[in-house]
Amino acid sequence: WLTEGTSPSPPRVRLLIGSDFVESKATEHVDVTNPATQEVVSRIPLTTADEFRAAVDAARTAFPGWRSTPVTARQRIMFKYQELIRANMDKLAENITTEQGKTLKDAWGDVFRGLEVVEHACGMGSLQMGEYVSNVSHGIDTFSIREPLGVCAGICPFNFPAMIPLWMFPIAVTCGNTFVLKPSEKDPGAAMMLAELAMEAGLPKGVLNIVHGTHDVVNNICDDEAIKAVSFVGSNTAGMHIYSRASASGKRVQCNMGAKNHAIILPDADRDATLNALIAAGFGAAGQRCMALSTAVFVGGSEPWEDELVKRASSLVVNTGTANDADLGPVISRQAKDRICKLVQSGADSGARLVLDGREIVVILRIQLLNCLCAIPGMPDSYALCRFLNLRMATLLVQLCWLMLKVI
């Protein structure tokens with residue numbers, strides 16, 4: 001899936017069209033950079049319109065035959081696929097750390113969580129069963145049959161380059177659909193390796209295809225009439241655009257977007273357990289998880305907690321993801337780092353009290369940052385807390401630290 005690099009040009013990532021990894025004829029490319037070293041490790045093409053059409057045509061052509069393949073045969077491919085993923089866990093994790101920056105431990109977990117979905121797909125024979133009810137009225141029986149839609153597409157984020165693709169295409173193809181995948185342009189390597197393993201497992205020609213690019217390819221996915229469903233994980237701005245544009249053309253669309261996650265610490269919370277939970281949720285994976293904690297709300301005030309929270313955060317080791325002592329690696333790009341620094345400065349300019357990576361500023365209380373910042377506002381009581389939470393944007397996670405139910 002990579003061409004040979006020739007100095008000073010880095011290797012180029014290929015497309016997957018049909019069953020072939022093909023080199024793009026695109027004249028525009030995007031560099032894939034190691035966040036820890038800023039080394040350009042590969043380049044992806046901005047897929048041309050003709051290449052995109054070829055990928056969709058390959059998926060559409062493969063659909064009738066794949067749909068008629070017995071579900072037990074499709075399952076057997078997934079059984080083989082999960083074996084191959086297990087055998088290549090370390091290689092996949094190393095690629096993720098190189099392109100995305102997270103620690104090897106986090107990268108291994110990235111692959112493992114995706115593998116669990118492949119294992120789930122191995123049970124599709126029973127999962128895809130329909131329903132039957134007899135005699136719902138005089139002489140009337142009802143039944144339902146679950147059938148594949150056709151060509152589906154997935155648009156993936158940078159923060160889980162193995163897990164999110166594995167959330168998408170294994171389930172879809174085991175149900176009898178064919179698939180066009182667009183990995184993140186920031187770290188496509190894991191998706192390409194997973195596609196290579198899927199071919200080795202026996203996935204037929206055209207069932208899985210991969211295109212690369214940015215907004216133009218996304219718009220092509222939204223607009224193409226042959227694509228019947230789209231899955232997306234990523235930012236609110238991109239998700240709203242994809243949802244409105246793809247649904248307007250009659251597609252099924254699911255968009256999993258950003259939110260603001262809160263921890264609520266009540267006065268009777270166990271101190272050690274709470275601090276451990278806050279540090280792990282707030283700073284793990286450099287805060288670039290969708291479920292990362294970015295706001296810790298202390299009922300009764302944050303002052304009693306601040307010193308120990310700062311001490312534990314300060315003890316975290318920031319290093320390259322391959323370092324044995326690394327607690328967290330770099331954020332995904334220099335641009336992401338610059339954005340974080342601007343938000344920190346915005347907080348300081350707004351009068352925030354910066355104790356380390358904690359700040360209580362309006363702008364960062366309303367947006368998901370995907371970085372290791374943690375706001376720690378205090379609330380006088382649980383009623384003020386509820387009012388505070390109701391004013392925030394959508395939340396994926398609320399972590400509650402307490403001992404006694406009567407406090408609420």
# chains A, B, ... in the order shown; residues from 1 in each chain; ligands from 1
>>> residues_around(residues="Gly213 (chain A)", least_positions_apart="6", cutoff="8 Å", atoms="only C-alpha atoms", output="list in words")
Ile44, Pro45, Leu46, Thr47, Lys182 and Glu185 of chain A
>>> select_by_dssp(residues="region 251-366 of chain A", states="helix (DSSP H, G or I)", output="MDAnalysis selection string")
chainID A and resid 271:287 303:314 334:349 363:365
>>> closest_residue(among="A:Glu99, A:Asp216, A:Glu200, A:Glu131", to="Pro330 (chain A)", atoms="only C-alpha atoms")
A:Glu99
>>> residues_around(residues="region 310-327 of chain A", least_positions_apart="5", cutoff="10 Å", atoms="only C-alpha atoms", output="ChimeraX atom specification")
/A:34-37,94,96-98,100-107,275-276,278-280,282-286,305,355-358
>>> write_last_selection(atoms="C-alpha atoms", output="mmCIF file, in the first residue's frame")
data_model
loop_
_atom_site.group_PDB
_atom_site.id
_atom_site.type_symbol
_atom_site.label_atom_id
_atom_site.label_comp_id
_atom_site.auth_asym_id
_atom_site.auth_seq_id
_atom_site.Cartn_x
_atom_site.Cartn_y
_atom_site.Cartn_z
ATOM 1 C CA ASN A 34 5.207 12.114 12.714
ATOM 2 C CA PRO A 35 3.893 14.486 15.423
ATOM 3 C CA ALA A 36 6.816 13.734 17.740
ATOM 4 C CA THR A 37 9.605 14.484 15.262
ATOM 5 C CA GLU A 94 3.807 1.001 15.846
ATOM 6 C CA ILE A 96 -0.318 4.429 14.840
ATOM 7 C CA THR A 97 2.331 5.787 17.196
ATOM 8 C CA THR A 98 4.428 6.946 14.242
ATOM 9 C CA GLN A 100 -0.703 9.808 15.303
ATOM 10 C CA GLY A 101 1.713 10.236 18.201
ATOM 11 C CA LYS A 102 -0.068 8.338 20.999
ATOM 12 C CA THR A 103 1.899 5.997 23.235
ATOM 13 C CA LEU A 104 2.383 2.396 22.154
ATOM 14 C CA LYS A 105 0.121 1.264 24.986
ATOM 15 C CA ASP A 106 -2.668 3.571 23.805
ATOM 16 C CA ALA A 107 -2.056 2.540 20.189
ATOM 17 C CA LEU A 275 -7.762 12.373 41.451
ATOM 18 C CA ASN A 276 -6.673 9.221 39.628
ATOM 19 C CA LEU A 278 -9.466 12.966 36.675
ATOM 20 C CA ILE A 279 -5.858 12.578 35.559
ATOM 21 C CA ALA A 280 -6.566 9.474 33.467
ATOM 22 C CA GLY A 282 -8.299 14.396 31.306
ATOM 23 C CA PHE A 283 -4.801 13.720 30.060
ATOM 24 C CA GLY A 284 -4.771 10.209 28.595
ATOM 25 C CA ALA A 285 -3.942 10.136 24.869
ATOM 26 C CA ALA A 286 -3.037 13.840 25.176
ATOM 27 C CA TRP A 305 -8.341 19.808 45.237
ATOM 28 C CA VAL A 355 -2.765 26.906 38.055
ATOM 29 C CA LEU A 356 -1.227 24.538 35.486
ATOM 30 C CA ASP A 357 -3.516 23.231 32.775
ATOM 31 C CA GLY A 358 -6.649 24.293 34.638
#
>>> select_by_dssp(residues="region 100-197 of chain A", states="strand (DSSP E or B)", output="list in words")
Glu131, Tyr132, Val133, Ser134, Asn135, Val136, Ser137, Ile140, Asp141, Thr142, Phe143, Ser144, Val151, Cys152, Ala153, Gly154, Ile155, Thr178, Phe179, Val180, Leu181 and Lys182 of chain A
>>> write_last_selection(atoms="C-alpha atoms", output="mmCIF file, in the first residue's frame")
data_model
loop_
_atom_site.group_PDB
_atom_site.id
_atom_site.type_symbol
_atom_site.label_atom_id
_atom_site.label_comp_id
_atom_site.auth_asym_id
_atom_site.auth_seq_id
_atom_site.Cartn_x
_atom_site.Cartn_y
_atom_site.Cartn_z
ATOM 1 C CA GLU A 131 -38.597 -11.102 13.290
ATOM 2 C CA TYR A 132 -41.847 -13.014 12.861
ATOM 3 C CA VAL A 133 -45.161 -12.639 14.653
ATOM 4 C CA SER A 134 -48.119 -14.861 13.811
ATOM 5 C CA ASN A 135 -51.780 -13.924 13.948
ATOM 6 C CA VAL A 136 -51.368 -10.228 14.765
ATOM 7 C CA SER A 137 -54.894 -9.957 13.402
ATOM 8 C CA ILE A 140 -52.515 -11.917 9.326
ATOM 9 C CA ASP A 141 -48.902 -12.725 10.169
ATOM 10 C CA THR A 142 -46.054 -10.186 10.082
ATOM 11 C CA PHE A 143 -42.358 -10.663 9.466
ATOM 12 C CA SER A 144 -39.286 -8.523 8.906
ATOM 13 C CA VAL A 151 -22.570 0.763 -1.190
ATOM 14 C CA CYS A 152 -21.780 2.390 2.170
ATOM 15 C CA ALA A 153 -19.060 4.893 3.041
ATOM 16 C CA GLY A 154 -17.099 5.847 6.135
ATOM 17 C CA ILE A 155 -15.275 9.100 6.937
ATOM 18 C CA THR A 178 -19.798 -3.030 0.104
ATOM 19 C CA PHE A 179 -17.729 -0.139 1.388
ATOM 20 C CA VAL A 180 -15.744 2.968 0.449
ATOM 21 C CA LEU A 181 -13.526 4.173 3.296
ATOM 22 C CA LYS A 182 -11.852 7.559 3.663
#
>>> atom_distance(atom1="CA of Ala296 (chain A)", atom2="CA of Asn261 (chain A)")
8.6 Å
>>> closest_atom_pairs(of="region 155-266 of chain A", to="region 49-64 of chain A", cutoff="6 Å", atoms="only C-alpha atoms", output="CSV")
residue,atom,partner,partner_atom,distance
A:Thr178,CA,A:Ala59,CA,5.5
A:Gly206,CA,A:Ala59,CA,4.8
A:Val207,CA,A:Ala59,CA,5.6
A:Asn209,CA,A:Ala55,CA,5.9
>>> write_last_selection(atoms="N, CA and C atoms", output="short mmCIF file (atom, residue, chain, number, x, y, z; two decimals), in the first residue's frame")
data_model
loop_
_atom_site.label_atom_id
_atom_site.label_comp_id
_atom_site.auth_asym_id
_atom_site.auth_seq_id
_atom_site.Cartn_x
_atom_site.Cartn_y
_atom_site.Cartn_z
N THR A 178 -21.17 -3.33 0.51
CA THR A 178 -19.80 -3.03 0.10
C THR A 178 -19.45 -1.64 0.62
N GLY A 206 -13.49 -5.56 -4.66
CA GLY A 206 -14.48 -4.48 -4.69
C GLY A 206 -15.31 -4.33 -3.44
N VAL A 207 -15.24 -5.28 -2.52
CA VAL A 207 -16.06 -5.18 -1.31
C VAL A 207 -15.57 -4.04 -0.41
N ASN A 209 -13.00 -0.60 -0.49
CA ASN A 209 -12.21 0.32 -1.30
C ASN A 209 -11.79 1.49 -0.42
#
>>> residues_around(residues="Ala229 (chain A)", least_positions_apart="2", cutoff="9 Å", atoms="only C-alpha atoms", output="list in words")
Leu149, Gly150, Val151, Cys152, Ala153, Gly154, Ile227, Ser231, Ala246, Ser247, Gly250, Lys251, Arg252, Val253 and Gln254 of chain A
>>> write_last_selection(atoms="C-alpha atoms", output="PDB file, in the first residue's frame")
ATOM      1  CA  LEU A 149     -28.393  -1.474   1.549  1.00  0.00           C
ATOM      2  CA  GLY A 150     -25.644  -1.441  -1.060  1.00  0.00           C
ATOM      3  CA  VAL A 151     -22.570   0.763  -1.190  1.00  0.00           C
ATOM      4  CA  CYS A 152     -21.780   2.390   2.170  1.00  0.00           C
ATOM      5  CA  ALA A 153     -19.060   4.893   3.041  1.00  0.00           C
ATOM      6  CA  GLY A 154     -17.099   5.847   6.135  1.00  0.00           C
ATOM      7  CA  ILE A 227     -23.634   5.487  -2.012  1.00  0.00           C
ATOM      8  CA  SER A 231     -20.910   7.008   8.746  1.00  0.00           C
ATOM      9  CA  ALA A 246     -25.635  13.579   2.497  1.00  0.00           C
ATOM     10  CA  SER A 247     -29.165  13.342   3.905  1.00  0.00           C
ATOM     11  CA  GLY A 250     -31.514  10.565   0.447  1.00  0.00           C
ATOM     12  CA  LYS A 251     -28.699   8.766   2.220  1.00  0.00           C
ATOM     13  CA  ARG A 252     -28.822   7.232   5.658  1.00  0.00           C
ATOM     14  CA  VAL A 253     -26.342   9.245   7.700  1.00  0.00           C
ATOM     15  CA  GLN A 254     -24.932   8.820  11.186  1.00  0.00           C
TER      16      GLN A 254
END
>>> closest_residue(among="A:Phe298, A:Phe79, A:Trp108, A:Trp1", to="Leu92 (chain A)", atoms="only C-alpha atoms")
A:Trp108
>>> atom_distance(atom1="CA of Gly18 (chain A)", atom2="CA of Met199 (chain A)")
10.3 Å
>>> closest_residue(among="A:Ala87, A:Leu293, A:Val233, A:Val299", to="Pro165 (chain A)", atoms="only C-alpha atoms")
A:Val233
